[in-house]
Amino acid sequence: MLGKKLIVSAFFMAAFSATTFAQTTTTTSTTYYVAQDVKTKKCTIVDKKPADTTTMTILGDGAVFKTRTEAEGSMKSIKVCTTN
């Protein structure tokens, strides 16, 4: 009887550990930036910092936002984005 309990307990611990590990390894933190296309002057929200600054410029003093909603709010207050 004790052997069965140990096996069942080990099974559940292994299953719990596997799901916990899977959750922590797949969680990524997304960041958002307000960027402006250099040619069209159109502002957009991007989830990756543009590597090529000759085509896209990060606005808002390079601010990084944790949510898209925060980035949208900031974009509304950036003068070059509201005038185009």
# chains A, B, ... in the order shown; residues from 1 in each chain; ligands from 1

call {"tool": "residues_around", "arguments": {"residues": "Val38 in chain A", "least_positions_apart": "5", "cutoff": "8 Å", "atoms": "only C-alpha atoms", "output": "list in words"}}
result
Thr54, Thr55, Met56 and Thr57 of chain A

call {"tool": "atom_distance", "arguments": {"atom1": "CA of Ile45 in chain A", "atom2": "CA of Ser29 in chain A"}}
result
16.0 Å

call {"tool": "atom_distance", "arguments": {"atom1": "CA of Cys43 in chain A", "atom2": "CA of Thr31 in chain A"}}
result
16.6 Å

call {"tool": "residues_around", "arguments": {"residues": "Tyr32 in chain A", "least_positions_apart": "5", "cutoff": "7 Å", "atoms": "only C-alpha atoms", "output": "ChimeraX atom specification"}}
result
/A:45-48,64-68,71

call {"tool": "residues_around", "arguments": {"residues": "Ala63 in chain A", "least_positions_apart": "2", "cutoff": "8 Å", "atoms": "only C-alpha atoms", "output": "VMD selection string"}}
result
chain A and resid 33 to 34 59 to 61 65

call {"tool": "write_last_selection", "arguments": {"atoms": "N, CA and C atoms", "output": "PDB file, in the first residue's frame"}}
result
ATOM      1  N   TYR A  33       7.371  49.840 -28.481  1.00  0.00           N
ATOM      2  CA  TYR A  33       8.020  51.110 -28.767  1.00  0.00           C
ATOM      3  C   TYR A  33       7.130  51.917 -29.706  1.00  0.00           C
ATOM      4  N   VAL A  34       7.214  53.246 -29.584  1.00  0.00           N
ATOM      5  CA  VAL A  34       6.560  54.128 -30.552  1.00  0.00           C
ATOM      6  C   VAL A  34       7.628  54.485 -31.571  1.00  0.00           C
ATOM      7  N   LEU A  59      10.608  57.024 -31.020  1.00  0.00           N
ATOM      8  CA  LEU A  59      10.204  58.317 -30.480  1.00  0.00           C
ATOM      9  C   LEU A  59      10.025  58.229 -28.967  1.00  0.00           C
ATOM     10  N   GLY A  60       9.692  59.359 -28.363  1.00  0.00           N
ATOM     11  CA  GLY A  60       9.441  59.382 -26.927  1.00  0.00           C
ATOM     12  C   GLY A  60      10.687  59.142 -26.110  1.00  0.00           C
ATOM     13  N   ASP A  61      11.818  59.657 -26.558  1.00  0.00           N
ATOM     14  CA  ASP A  61      13.101  59.490 -25.873  1.00  0.00           C
ATOM     15  C   ASP A  61      13.474  58.032 -25.668  1.00  0.00           C
ATOM     16  N   PHE A  65       7.642  50.427 -23.371  1.00  0.00           N
ATOM     17  CA  PHE A  65       6.353  50.239 -22.708  1.00  0.00           C
ATOM     18  C   PHE A  65       6.074  48.756 -22.507  1.00  0.00           C
TER      19      PHE A  65
END

call {"tool": "atom_distance", "arguments": {"atom1": "CA of Ser77 in chain A", "atom2": "CA of Asp37 in chain A"}}
result
17.4 Å

call {"tool": "select_by_dssp", "arguments": {"residues": "range 27-74 of chain A", "states": "alpha helix (DSSP H)", "output": "MDAnalysis selection string"}}
result
chainID A and resid 68:74

call {"tool": "closest_residue", "arguments": {"among": "A:Lys42, A:Asp52, A:Thr30, A:Gly62", "to": "Ser74 in chain A", "atoms": "only C-alpha atoms"}}
result
A:Gly62

call {"tool": "closest_residue", "arguments": {"among": "A:Thr53, A:Val80, A:Ile58, A:Met75", "to": "Lys41 in chain A", "atoms": "only C-alpha atoms"}}
result
A:Val80
